[in-house]
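J.: What follows is target-v8.cif; its format and atoms are mmCIF, C-alpha atoms.
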```cif
data_data
loop_
_atom_site.label_atom_id
_atom_site.label_comp_id
_atom_site.auth_asym_id
_atom_site.auth_seq_id
_atom_site.Cartn_x
_atom_site.Cartn_y
_atom_site.Cartn_z
CA MET P 1165 48.11 -1.78 -6.03
CA THR P 1166 44.42 -2.44 -6.73
CA GLU P 1167 42.28 0.15 -8.51
CA ILE P 1168 38.59 0.34 -9.31
CA LEU P 1169 37.08 3.16 -11.36
CA ILE P 1170 33.36 3.79 -10.99
CA ARG P 1171 32.66 6.06 -13.94
CA ASN P 1172 30.04 8.08 -15.80
CA ALA P 1173 27.51 8.28 -12.95
CA GLU P 1174 24.55 10.60 -13.40
CA ALA P 1175 25.69 12.16 -10.13
CA VAL P 1176 28.31 11.47 -7.48
CA VAL P 1177 27.11 12.68 -4.08
CA THR P 1178 30.29 13.35 -2.11
CA MET P 1179 28.97 14.59 1.28
CA ASP P 1180 32.13 16.69 1.53
CA ALA P 1181 32.15 19.97 3.46
CA ALA P 1182 30.52 21.79 0.53
CA ARG P 1183 28.08 18.89 -0.09
CA SER P 1184 29.39 18.78 -3.66
CA GLU P 1185 27.67 16.72 -6.32
CA VAL P 1186 29.55 15.82 -9.51
CA ALA P 1187 27.43 15.37 -12.64
CA ARG P 1188 28.68 12.66 -15.02
CA GLY P 1189 31.13 11.88 -12.27
CA ASP P 1190 33.72 9.25 -11.50
CA VAL P 1191 35.13 7.77 -8.29
CA LEU P 1192 38.60 6.23 -8.32
CA VAL P 1193 39.26 3.68 -5.57
CA ARG P 1194 42.79 2.60 -4.75
CA ASP P 1195 43.78 0.03 -2.13
CA GLY P 1196 40.64 0.45 -0.05
CA THR P 1197 40.46 4.25 -0.05
CA VAL P 1198 39.02 6.94 -2.29
CA ALA P 1199 41.84 8.22 -4.49
CA ALA P 1200 39.92 10.82 -6.53
CA VAL P 1201 36.45 12.11 -7.36
CA GLY P 1202 35.85 14.03 -10.55
CA GLN P 1203 35.23 13.71 -14.28
CA GLY P 1204 37.22 11.89 -16.92
CA LEU P 1205 39.29 9.83 -14.49
CA THR P 1206 41.25 6.86 -15.82
CA THR P 1207 42.64 3.59 -14.52
CA ARG P 1208 44.47 0.45 -15.59
CA GLY P 1209 42.40 -1.46 -13.07
CA THR P 1210 38.78 -2.58 -13.01
CA VAL P 1211 36.13 -0.31 -14.51
CA VAL P 1212 32.55 -0.28 -13.19
CA GLU P 1213 30.20 1.50 -15.57
CA ALA P 1214 27.73 3.68 -13.63
CA ARG P 1215 25.79 5.33 -16.45
CA GLY P 1216 22.19 5.81 -15.30
CA CYS P 1217 23.27 5.57 -11.65
CA VAL P 1218 23.74 7.80 -8.63
CA VAL P 1219 26.83 7.11 -6.53
CA THR P 1220 26.78 7.89 -2.80
CA PRO P 1221 28.86 7.10 0.24
CA GLY P 1222 27.80 3.82 1.80
CA LEU P 1223 24.95 4.23 4.27
CA VAL P 1224 25.64 3.92 8.00
CA ASN P 1225 23.32 2.08 10.40
CA THR P 1226 23.71 3.24 14.00
CA HIS P 1227 21.33 0.85 15.79
CA HIS P 1228 20.34 -2.75 15.20
CA HIS P 1229 19.65 -6.01 17.02
CA LEU P 1230 20.69 -8.47 14.35
CA TYR P 1231 19.59 -11.53 16.32
CA GLN P 1232 15.97 -10.37 16.01
CA THR P 1233 15.98 -11.15 12.29
CA LEU P 1234 14.82 -14.62 13.36
CA THR P 1235 11.68 -13.25 15.05
CA ARG P 1236 9.88 -11.12 12.47
CA ALA P 1237 6.11 -10.77 12.57
CA VAL P 1238 5.69 -12.85 15.74
CA PRO P 1239 1.91 -12.92 16.33
CA GLY P 1240 1.94 -12.05 20.04
CA GLY P 1241 4.07 -8.96 19.47
CA GLN P 1242 2.56 -7.58 16.29
CA ASP P 1243 0.29 -5.05 17.99
CA ALA P 1244 2.01 -4.52 21.35
CA LEU P 1245 3.68 -1.48 22.88
CA LEU P 1246 7.35 -1.72 23.84
CA PHE P 1247 7.11 -3.42 27.23
CA GLY P 1248 4.41 -5.90 26.16
CA TRP P 1249 6.33 -6.60 22.96
CA LEU P 1250 9.45 -7.42 24.98
CA LYS P 1251 7.56 -9.74 27.33
CA THR P 1252 6.24 -11.66 24.31
CA LEU P 1253 9.66 -12.11 22.76
CA TYR P 1254 11.97 -12.70 25.73
CA PRO P 1255 10.93 -16.38 26.15
CA ILE P 1256 11.59 -17.01 22.45
CA TRP P 1257 15.01 -15.36 22.52
CA SER P 1258 15.96 -17.42 25.56
CA ARG P 1259 16.00 -20.47 23.25
CA PHE P 1260 18.67 -18.98 20.95
CA GLY P 1261 22.23 -20.27 20.78
CA PRO P 1262 25.38 -19.62 18.71
CA GLU P 1263 23.90 -20.87 15.44
CA GLU P 1264 20.82 -18.65 15.78
CA MET P 1265 23.02 -15.63 16.51
CA ARG P 1266 25.31 -16.22 13.56
CA VAL P 1267 22.65 -17.04 10.97
CA SER P 1268 20.36 -14.19 11.99
CA ALA P 1269 23.35 -11.85 11.74
CA LEU P 1270 24.22 -13.12 8.27
CA THR P 1271 20.63 -12.54 7.14
CA GLY P 1272 20.37 -9.09 8.70
CA LEU P 1273 23.73 -7.94 7.38
CA ALA P 1274 22.91 -9.15 3.87
CA GLU P 1275 19.62 -7.28 4.00
CA LEU P 1276 21.43 -4.12 5.10
CA ALA P 1277 24.02 -4.47 2.35
CA LEU P 1278 21.30 -4.75 -0.29
CA SER P 1279 19.87 -1.46 1.02
CA GLY P 1280 23.19 0.34 0.54
CA CYS P 1281 24.68 -0.04 4.03
CA THR P 1282 28.45 -0.44 4.39
CA LEU P 1283 28.89 0.21 8.13
CA THR P 1284 26.56 -1.01 10.85
CA SER P 1285 26.49 -1.16 14.60
CA ASP P 1286 24.78 -3.98 16.45
CA HIS P 1287 23.44 -4.09 20.00
CA LEU P 1288 23.58 -7.67 21.29
CA TYR P 1289 22.45 -7.69 24.91
CA LEU P 1290 21.51 -11.33 25.55
CA TYR P 1291 23.75 -14.40 25.43
CA PRO P 1292 21.72 -17.57 26.04
CA ASN P 1293 22.99 -21.11 25.65
CA GLY P 1294 26.63 -20.29 24.94
CA ALA P 1295 26.09 -17.46 22.44
CA ARG P 1296 28.91 -14.90 22.27
CA LEU P 1297 29.55 -11.58 20.57
CA GLU P 1298 31.96 -13.22 18.14
CA ASP P 1299 29.08 -15.17 16.59
CA THR P 1300 28.02 -11.89 14.97
CA ILE P 1301 31.57 -10.66 14.32
CA ASP P 1302 32.27 -13.82 12.32
CA ALA P 1303 29.13 -13.19 10.24
CA ALA P 1304 30.20 -9.62 9.45
CA ARG P 1305 33.64 -10.79 8.38
CA GLU P 1306 32.10 -13.41 6.09
CA ILE P 1307 29.92 -10.85 4.35
CA GLY P 1308 32.58 -8.12 4.34
CA MET P 1309 30.62 -5.46 6.23
CA ARG P 1310 32.33 -2.79 8.32
CA PHE P 1311 31.06 -3.64 11.79
CA HIS P 1312 30.64 -1.87 15.13
CA PRO P 1313 29.21 -4.55 17.48
CA THR P 1314 28.45 -3.62 21.05
CA ARG P 1315 28.66 -5.95 24.03
CA GLY P 1316 25.27 -5.38 25.58
CA ALA P 1317 23.90 -6.82 28.81
CA MET P 1318 20.92 -7.26 31.09
CA SER P 1319 21.43 -7.80 34.81
CA ILE P 1320 18.07 -7.11 36.53
CA GLY P 1321 15.53 -9.87 35.97
CA GLU P 1322 11.88 -10.12 36.93
CA SER P 1323 12.63 -11.38 40.43
CA ALA P 1324 14.55 -8.17 41.13
CA GLY P 1325 11.92 -5.86 39.63
CA GLY P 1326 13.28 -5.76 36.09
CA LEU P 1327 11.54 -6.53 32.81
CA PRO P 1328 13.51 -9.51 31.38
CA PRO P 1329 13.11 -13.06 32.70
CA ASP P 1330 15.82 -14.21 35.08
CA THR P 1331 17.03 -16.75 32.50
CA LEU P 1332 18.29 -13.93 30.25
CA VAL P 1333 20.20 -11.84 32.79
CA GLU P 1334 23.85 -12.18 33.78
CA ARG P 1335 25.85 -11.41 36.90
CA GLU P 1336 27.35 -7.93 36.65
CA GLU P 1337 30.89 -9.06 37.43
CA ASP P 1338 30.65 -11.59 34.59
CA ILE P 1339 29.32 -8.92 32.25
CA LEU P 1340 32.21 -6.54 32.96
CA LYS P 1341 34.75 -9.35 32.58
CA ASP P 1342 33.38 -10.33 29.18
CA MET P 1343 33.18 -6.70 28.09
CA ALA P 1344 36.90 -6.38 28.73
CA ARG P 1345 37.54 -9.67 26.93
CA VAL P 1346 35.76 -8.75 23.69
CA VAL P 1347 37.33 -5.29 23.54
CA ASP P 1348 40.80 -6.75 24.00
CA ALA P 1349 40.14 -9.49 21.46
CA PHE P 1350 38.34 -7.64 18.68
CA HIS P 1351 38.43 -3.83 18.95
CA ASP P 1352 40.60 -2.12 16.32
CA PRO P 1353 41.12 1.62 16.95
CA ALA P 1354 43.06 2.17 13.73
CA GLU P 1355 41.78 4.26 10.83
CA GLY P 1356 39.98 2.04 8.36
CA ALA P 1357 39.15 -0.55 11.02
CA MET P 1358 36.69 -3.22 9.96
CA VAL P 1359 35.69 -4.02 13.55
CA ARG P 1360 35.31 -1.70 16.50
CA VAL P 1361 33.64 -2.82 19.72
CA GLY P 1362 31.44 -0.72 22.02
CA LEU P 1363 29.93 -1.36 25.46
CA ALA P 1364 26.16 -1.27 25.72
CA PRO P 1365 24.15 -2.15 28.85
CA CYS P 1366 20.69 -2.67 27.40
CA SER P 1367 18.56 0.01 29.04
CA PRO P 1368 17.85 1.76 32.35
CA PHE P 1369 15.12 -0.79 33.12
CA SER P 1370 17.27 -3.91 32.68
CA VAL P 1371 20.59 -3.03 34.39
CA SER P 1372 21.62 -1.35 37.64
CA ARG P 1373 23.05 2.10 38.18
CA ASP P 1374 26.29 0.43 39.22
CA LEU P 1375 26.61 -1.45 35.94
CA MET P 1376 25.89 1.71 33.92
CA ARG P 1377 28.56 3.57 35.88
CA GLU P 1378 31.14 0.75 35.76
CA ALA P 1379 30.58 0.20 32.02
CA ALA P 1380 31.25 3.89 31.39
CA LEU P 1381 34.47 3.75 33.40
CA LEU P 1382 35.58 0.59 31.58
CA ALA P 1383 34.78 2.03 28.15
CA ARG P 1384 36.84 5.14 28.80
CA ASP P 1385 39.71 3.10 30.17
CA LYS P 1386 39.65 0.99 26.99
CA GLY P 1387 38.99 3.91 24.63
CA VAL P 1388 35.75 2.55 23.19
CA MET P 1389 32.27 3.98 22.75
CA LEU P 1390 29.11 3.58 24.85
CA HIS P 1391 25.59 2.81 23.66
CA THR P 1392 22.16 2.15 25.18
CA HIS P 1393 18.43 2.79 24.69
CA LEU P 1394 17.07 6.03 26.11
CA ALA P 1395 13.75 7.90 26.26
CA GLU P 1396 12.11 5.57 23.76
CA ASN P 1397 8.45 6.08 24.70
CA ASP P 1398 6.12 7.35 27.42
CA GLU P 1399 6.54 4.13 29.44
CA ASP P 1400 10.28 4.73 29.43
CA ILE P 1401 9.88 8.25 30.81
CA ALA P 1402 7.42 7.11 33.48
CA TYR P 1403 9.79 4.34 34.58
CA SER P 1404 12.70 6.78 34.87
CA LEU P 1405 10.69 9.24 36.94
CA ALA P 1406 9.33 6.51 39.23
CA GLN P 1407 12.56 4.57 39.73
CA PHE P 1408 15.23 7.27 39.53
CA GLY P 1409 13.37 10.47 40.33
CA CYS P 1410 14.56 12.19 37.17
CA ARG P 1411 14.17 12.20 33.41
CA PRO P 1412 16.36 9.90 31.27
CA GLY P 1413 18.69 12.67 30.15
CA GLN P 1414 19.56 13.57 33.73
CA TYR P 1415 19.98 9.88 34.59
CA ALA P 1416 22.45 9.51 31.72
CA GLU P 1417 24.36 12.64 32.70
CA ASP P 1418 24.61 11.58 36.35
CA LEU P 1419 26.15 8.22 35.41
CA GLY P 1420 28.67 9.50 32.86
CA TRP P 1421 26.59 8.58 29.86
CA THR P 1422 26.92 11.79 27.86
CA GLY P 1423 29.82 12.87 25.67
CA ASN P 1424 31.36 12.51 22.24
CA ASP P 1425 31.95 8.80 22.91
CA VAL P 1426 28.28 8.04 23.68
CA TRP P 1427 25.27 7.49 21.45
CA HIS P 1428 21.73 6.66 22.54
CA ALA P 1429 19.06 4.84 20.55
CA HIS P 1430 15.62 6.35 19.91
CA CYS P 1431 15.42 9.48 22.14
CA VAL P 1432 11.83 9.93 20.97
CA LYS P 1433 10.80 11.68 24.17
CA LEU P 1434 13.75 13.99 24.83
CA ASP P 1435 12.61 17.42 26.01
CA ALA P 1436 14.24 20.75 25.14
CA GLY P 1437 16.61 20.61 28.11
CA GLU P 1438 17.80 17.13 27.22
CA ILE P 1439 18.32 18.12 23.61
CA ASP P 1440 20.48 21.03 24.76
CA LEU P 1441 22.42 18.68 27.05
CA PHE P 1442 23.13 16.33 24.15
CA ALA P 1443 24.16 19.20 21.89
CA GLN P 1444 26.54 20.70 24.44
CA SER P 1445 28.08 17.34 25.36
CA ARG P 1446 28.28 16.11 21.71
CA THR P 1447 26.23 13.03 22.60
CA GLY P 1448 24.91 11.16 19.56
CA VAL P 1449 21.44 9.83 18.74
CA ALA P 1450 20.41 6.82 16.65
CA HIS P 1451 17.02 7.71 15.15
CA CYS P 1452 14.90 4.63 14.32
CA PRO P 1453 11.79 5.99 12.55
CA CYS P 1454 10.21 2.74 11.32
CA SER P 1455 10.57 0.99 14.67
CA ASN P 1456 9.17 4.04 16.45
CA CYS P 1457 6.15 3.88 14.17
CA ARG P 1458 5.76 0.10 14.50
CA LEU P 1459 5.72 0.27 18.32
CA GLY P 1460 3.67 3.47 18.47
CA SER P 1461 6.46 5.24 20.37
CA GLY P 1462 6.07 8.61 18.66
CA ILE P 1463 8.06 10.93 16.40
CA ALA P 1464 11.55 11.79 17.60
CA PRO P 1465 12.33 15.55 17.60
CA VAL P 1466 15.00 15.17 14.92
CA ARG P 1467 14.46 18.65 13.48
CA ALA P 1468 15.02 20.24 16.89
CA MET P 1469 18.04 18.01 17.52
CA ARG P 1470 19.65 18.89 14.20
CA ASP P 1471 18.93 22.60 14.59
CA ARG P 1472 20.65 22.61 17.99
CA GLY P 1473 23.67 20.66 16.75
CA VAL P 1474 22.99 17.16 18.08
CA LYS P 1475 24.71 14.42 16.09
CA VAL P 1476 21.96 12.25 14.54
CA GLY P 1477 22.27 9.04 12.55
CA LEU P 1478 19.75 6.46 11.39
CA GLY P 1479 19.03 2.99 12.74
CA VAL P 1480 16.82 0.23 11.41
CA ASP P 1481 16.52 -1.22 14.94
CA GLY P 1482 15.83 -4.91 15.38
CA SER P 1483 13.79 -6.77 12.81
CA ALA P 1484 11.35 -7.84 15.53
CA SER P 1485 10.33 -4.20 16.04
CA ASN P 1486 10.71 -3.02 12.46
CA ASP P 1487 10.33 -6.28 10.56
CA ALA P 1488 12.63 -4.91 7.88
CA GLY P 1489 16.25 -3.80 7.67
CA ASN P 1490 16.21 -1.42 4.72
CA LEU P 1491 18.33 1.62 5.51
CA ILE P 1492 17.49 3.70 2.43
CA GLY P 1493 13.83 3.13 3.33
CA GLU P 1494 14.62 4.33 6.85
CA ALA P 1495 15.97 7.59 5.41
CA ARG P 1496 12.71 8.16 3.54
CA GLN P 1497 10.68 7.42 6.66
CA ALA P 1498 12.78 9.84 8.71
CA MET P 1499 12.10 12.61 6.20
CA LEU P 1500 8.37 11.86 6.06
CA LEU P 1501 7.93 11.81 9.84
CA GLN P 1502 9.58 15.19 10.28
CA ARG P 1503 7.26 16.56 7.60
CA VAL P 1504 4.24 15.10 9.39
CA ALA P 1505 5.34 16.75 12.61
CA ARG P 1506 6.71 20.04 11.29
CA GLY P 1507 5.50 20.64 7.73
CA ALA P 1508 6.58 19.76 4.19
CA ASP P 1509 9.72 21.90 4.42
CA ALA P 1510 10.94 20.32 7.68
CA MET P 1511 13.44 18.00 6.02
CA SER P 1512 14.68 17.70 2.45
CA ALA P 1513 15.61 14.50 0.66
CA ARG P 1514 19.25 15.54 0.62
CA GLU P 1515 19.28 16.16 4.36
CA ALA P 1516 17.81 12.70 4.95
CA LEU P 1517 20.58 11.24 2.78
CA GLU P 1518 23.17 13.21 4.73
CA ILE P 1519 21.85 11.81 8.02
CA ALA P 1520 22.02 8.30 6.53
CA THR P 1521 25.68 8.66 5.52
CA LEU P 1522 27.80 11.38 7.10
CA GLY P 1523 25.47 11.74 10.08
CA GLY P 1524 25.77 8.08 11.01
CA ALA P 1525 29.55 8.08 10.57
CA ARG P 1526 29.83 11.00 12.96
CA VAL P 1527 27.62 9.31 15.55
CA LEU P 1528 29.88 6.23 15.47
CA GLY P 1529 33.04 8.31 15.65
CA ARG P 1530 34.14 7.30 12.14
CA GLY P 1531 35.80 10.35 10.66
CA ASP P 1532 37.26 8.06 8.00
CA CYS P 1533 33.82 7.13 6.62
CA GLY P 1534 30.59 8.81 5.52
CA SER P 1535 31.81 10.84 2.52
CA LEU P 1536 33.51 10.32 -0.83
CA GLU P 1537 36.71 12.34 -0.58
CA PRO P 1538 40.36 11.50 -1.28
CA GLY P 1539 41.77 9.61 1.68
CA LYS P 1540 38.42 8.42 3.03
CA ARG P 1541 37.57 4.74 3.09
CA ALA P 1542 36.20 3.34 -0.15
CA ASP P 1543 32.69 2.53 1.11
CA VAL P 1544 30.61 3.26 -1.99
CA ALA P 1545 27.01 2.61 -3.03
CA VAL P 1546 25.93 2.61 -6.69
CA TRP P 1547 22.18 3.12 -7.21
CA ASP P 1548 20.55 2.40 -10.57
CA VAL P 1549 17.99 5.18 -11.13
CA SER P 1550 17.16 4.11 -14.69
CA GLY P 1551 14.46 1.67 -13.59
CA ILE P 1552 10.77 2.05 -13.00
CA GLU P 1553 11.07 3.41 -9.44
CA ALA P 1554 12.69 6.67 -10.59
CA ALA P 1555 11.23 6.80 -14.11
CA GLY P 1556 10.28 10.41 -14.84
CA ALA P 1557 12.33 11.85 -11.96
CA TRP P 1558 13.84 15.26 -12.69
CA ASP P 1559 16.34 15.12 -9.84
CA PRO P 1560 18.12 11.75 -9.57
CA VAL P 1561 19.68 12.50 -6.16
CA ALA P 1562 16.39 13.46 -4.52
CA ALA P 1563 14.81 10.50 -6.28
CA LEU P 1564 16.85 8.12 -4.10
CA ILE P 1565 14.78 9.20 -1.10
CA LEU P 1566 11.54 10.32 -2.73
CA CYS P 1567 11.12 7.49 -5.26
CA GLY P 1568 13.66 4.69 -5.02
CA PRO P 1569 15.23 2.30 -5.84
CA ALA P 1570 15.05 0.44 -2.54
CA ARG P 1571 17.94 -1.90 -3.46
CA VAL P 1572 21.50 -0.93 -4.33
CA ARG P 1573 23.02 -2.16 -7.63
CA ASP P 1574 26.63 -2.37 -6.47
CA LEU P 1575 28.21 -1.93 -3.05
CA PHE P 1576 31.87 -1.63 -2.11
CA VAL P 1577 33.27 -1.84 1.43
CA GLU P 1578 36.94 -0.94 1.82
CA GLY P 1579 37.08 -1.21 -1.97
CA ARG P 1580 35.83 -4.82 -1.98
CA GLN P 1581 32.60 -5.60 -3.81
CA VAL P 1582 29.92 -6.93 -1.47
CA VAL P 1583 26.90 -6.47 -3.77
CA ARG P 1584 27.14 -6.95 -7.53
CA GLY P 1585 24.21 -6.42 -9.85
CA GLY P 1586 21.74 -6.30 -6.97
CA GLN P 1587 22.91 -9.61 -5.47
CA VAL P 1588 25.12 -10.27 -2.44
CA ALA P 1589 28.45 -11.38 -3.88
CA THR P 1590 30.21 -12.73 -0.79
CA ILE P 1591 27.89 -15.44 0.60
CA ASP P 1592 25.44 -18.04 -0.66
CA LEU P 1593 22.37 -16.04 0.33
CA PRO P 1594 19.71 -18.59 -0.74
CA ARG P 1595 21.35 -21.17 1.53
CA VAL P 1596 21.47 -18.67 4.41
CA ILE P 1597 17.77 -17.88 3.93
CA GLU P 1598 16.94 -21.59 3.89
CA THR P 1599 18.80 -22.07 7.18
CA GLN P 1600 17.18 -18.97 8.65
CA ASN P 1601 13.69 -20.25 7.83
CA ARG P 1602 14.51 -23.68 9.29
CA LEU P 1603 15.67 -22.10 12.56
CA ALA P 1604 12.64 -19.81 12.72
CA ALA P 1605 10.31 -22.77 12.22
CA ARG P 1606 12.08 -24.67 15.00
CA LEU P 1607 11.70 -21.72 17.37
CA ALA P 1608 8.03 -21.33 16.46
CA GLY P 1609 7.40 -25.03 16.99
#
```
Would you mind writing the file out in structure tokens?
T.:
Amino acid sequence: MTEILIRNAEAVVTMDAARSEVARGDVLVRDGTVAAVGQGLTTRGTVVEARGCVVTPGLVNTHHHLYQTLTRAVPGGQDALLFGWLKTLYPIWSRFGPEEMRVSALTGLAELALSGCTLTSDHLYLYPNGARLEDTIDAAREIGMRFHPTRGAMSIGESAGGLPPDTLVEREEDILKDMARVVDAFHDPAEGAMVRVGLAPCSPFSVSRDLMREAALLARDKGVMLHTHLAENDEDIAYSLAQFGCRPGQYAEDLGWTGNDVWHAHCVKLDAGEIDLFAQSRTGVAHCPCSNCRLGSGIAPVRAMRDRGVKVGLGVDGSASNDAGNLIGEARQAMLLQRVARGADAMSAREALEIATLGGARVLGRGDCGSLEPGKRADVAVWDVSGIEAAGAWDPVAALILCGPARVRDLFVEGRQVVRGGQVATIDLPRVIETQNRLAARLAG
């Protein structure tokens, strides 16, 4: 039996049903799960002193493209809208291979961990030069992150009227075969699973109706979740109307892409009817505020979604469209955008933190994560609020979103320490960064 006691925190934010917060609180971890939350707890195991800290559930990232960590701040895409941005980057991504996929994943996952993230999805939809989904799964195992990779795909290239170059698309029968392979090889449906696999055709403008429909049937046969991009910007809506004769929400509904086992990225341009459809069908949304700002896509109607009961989590999106992978920063941006759109009382700091933890866990179907309660998985973030970022703050919990810090002090995933003292404890991060920069320079050259 292995025990860890995180004790004497300024506040423990549980995200339980009552949204309880325990002042001067402790969290007892035993064999990978939360054993108790309270005051004055004891252990014969390891003690982690959390005086001057706020303890929260680990943050949950519901949308990422980890491979894009190698293409930050690319000059041709810095000021482009979505479609132009993609056309700039596709030729670069076509030169990737297994090493690029693995190293970019290591870098992106480490960055997420330092921002308090314990569970992340990833949407990998291109597989050039022998790259495979397991390149990223191996990286997540090395770091110790709870991982929900999705086997994405593109099947309609430029010659067939699609957006991606033909070199980056695959035959649909090959896509479906590999989807089945990776689910059978890596998906773990058990409670506490470290890896679960989803199926994720890239977007309505890069795959056929048939592939969307067949992927949905395969996912339900295998008992896994579905993910894609939807209603990201005005171009996306115009494409759907021109090509399919309907809005994206109706397109998704017609092809079986709504339900409790589906989550869509962005949804910036959902209208009231589509929001109601998602609420009634329990379809989830990955809100990516920084990426939406970076690409000028707009402000997603998160307040309306939440008010109508839509499941909403946060996503950092790919580092080529965000340029950063800081999930606690994403929570702050989500709060600020809703206030810009709806007023200063549109979203509180605590609601933003809830979306970043429990909200994301619900979107990914992880009832075993997202809160600090006995029996839940021991995914725990310890935030030092004694530093300059929160100096003078009257409310240490709200300070996490309103002030900072932007980096977690300690992070535990399944009770194992991934970040210690603000540094990644499981990999040689300086060496990874050195390799990452070498690969980026080679791609640029």
J.: Could you list the residues chosen by the PyMOL selection byres ((chain P and resi 1291) around 10) in this structure as a PyMOL selection string?
T.: chain P and resi 1257-1258+1260-1262+1265+1288-1290+1292-1297+1315-1318+1332-1334
J.: Pick from P:Glu1264, P:Ser1483, P:Thr1226, P:Ala1349: nearest to His1391 of chain P, with all atoms listed in the file counted?
T.: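 Of P:Glu1264, P:Ser1483, P:Thr1226, P:Ala1349, the one nearest His1391 of chain P, counting all atoms listed in the file, is P:Thr1226.
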J.: Could you list, as a VMD selection string, every residue matched by the PyMOL selection byres ((chain P and resi 1484) around 7) in this structure?
T.: chain P and resid 1232 to 1233 1235 to 1237 1482 to 1483 1485 to 1487
J.: What would the file look like if the residues just selected were written as a PDB file, in the coordinates of the input with C-alpha atoms?
T.:
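Output saved as part-v5.pdb:
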```pdb
ATOM      1  CA  GLN P1232      15.970 -10.370  16.010  1.00  0.00           C
ATOM      2  CA  THR P1233      15.980 -11.150  12.290  1.00  0.00           C
ATOM      3  CA  THR P1235      11.680 -13.250  15.050  1.00  0.00           C
ATOM      4  CA  ARG P1236       9.880 -11.120  12.470  1.00  0.00           C
ATOM      5  CA  ALA P1237       6.110 -10.770  12.570  1.00  0.00           C
ATOM      6  CA  GLY P1482      15.830  -4.910  15.380  1.00  0.00           C
ATOM      7  CA  SER P1483      13.790  -6.770  12.810  1.00  0.00           C
ATOM      8  CA  SER P1485      10.330  -4.200  16.040  1.00  0.00           C
ATOM      9  CA  ASN P1486      10.710  -3.020  12.460  1.00  0.00           C
ATOM     10  CA  ASP P1487      10.330  -6.280  10.560  1.00  0.00           C
TER      11      ASP P1487
END
```
J.: Evaluate the PyMOL selection byres ((chain P and resi 1361) around 6) here and jot the selected residues down as an NGL selection string.
T.: :P and (1312-1314 or 1347 or 1351 or 1360 or 1362)
J.: Given the selection you just returned, output its residues as a file containing C-alpha atoms, formatted as a tab-separated table (two decimals), in the coordinates of the input.
T.:
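The new file part-v5.tsv reads:
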```
chain	number	residue	atom	x	y	z
P	1312	HIS	CA	30.64	-1.87	15.13
P	1313	PRO	CA	29.21	-4.55	17.48
P	1314	THR	CA	28.45	-3.62	21.05
P	1347	VAL	CA	37.33	-5.29	23.54
P	1351	HIS	CA	38.43	-3.83	18.95
P	1360	ARG	CA	35.31	-1.70	16.50
P	1362	GLY	CA	31.44	-0.72	22.02
```
J.: Using all atoms listed in the file, tabulate the residues of segment 1218-1323 of chain P lying at most 12 Å from any atom of segment 1433-1454 of chain P, each with its closest atom pair and that distance in Å to one decimal, by chain and increasing residue number, as a tab-separated table.
T.:
```
residue	atom	partner	partner_atom	distance
P:Val1224	CA	P:Ala1450	CA	10.5
P:Asn1225	CA	P:Ala1450	CA	8.4
P:Thr1226	CA	P:Ala1450	CA	5.5
P:His1227	CA	P:Ala1450	CA	6.1
P:His1228	CA	P:Cys1452	CA	9.2
P:His1229	CA	P:Cys1452	CA	12.0
P:Thr1284	CA	P:Ala1450	CA	11.5
P:Ser1285	CA	P:Ala1450	CA	10.2
P:Asp1286	CA	P:Ala1450	CA	11.7
P:His1287	CA	P:Ala1450	CA	11.8
```
J.: What is the atom CA of Ser1461 of chain P to atom CA of Ala1570 of chain P distance in Å?
T.: 24.9 Å
J.: Find the residues around Ala1277 of chain P up to 8 Å (all atoms listed in the file counted), leave out those fewer than 3 positions away in its own chain, and share them as an MDAnalysis selection string.
T.: chainID P and resid 1273:1274 1280:1282 1309 1572 1575 1582:1583 1588
J.: Can you fill out segment 1359-1366 of chain P with N, CA and C atoms and hand it back as a short mmCIF file (atom, residue, chain, number, x, y, z; two decimals), keeping the file's coordinate frame?
T.:
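Output (part13.cif):
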```cif
data_model
loop_
_atom_site.label_atom_id
_atom_site.label_comp_id
_atom_site.auth_asym_id
_atom_site.auth_seq_id
_atom_site.Cartn_x
_atom_site.Cartn_y
_atom_site.Cartn_z
N VAL P 1359 36.43 -3.68 12.34
CA VAL P 1359 35.69 -4.02 13.55
C VAL P 1359 36.09 -3.09 14.68
N ARG P 1360 35.12 -2.43 15.26
CA ARG P 1360 35.31 -1.70 16.50
C ARG P 1360 34.21 -2.14 17.47
N VAL P 1361 34.56 -2.29 18.72
CA VAL P 1361 33.64 -2.82 19.72
C VAL P 1361 33.23 -1.71 20.68
N GLY P 1362 31.94 -1.65 21.01
CA GLY P 1362 31.44 -0.72 22.02
C GLY P 1362 30.84 -1.49 23.19
N LEU P 1363 30.57 -0.77 24.28
CA LEU P 1363 29.93 -1.36 25.46
C LEU P 1363 28.53 -0.80 25.59
N ALA P 1364 27.55 -1.69 25.89
CA ALA P 1364 26.16 -1.27 25.72
C ALA P 1364 25.19 -1.97 26.67
N PRO P 1365 25.23 -1.67 27.99
CA PRO P 1365 24.15 -2.15 28.85
C PRO P 1365 22.81 -1.82 28.20
N CYS P 1366 21.86 -2.74 28.27
CA CYS P 1366 20.69 -2.67 27.40
C CYS P 1366 19.86 -1.40 27.58
#
```
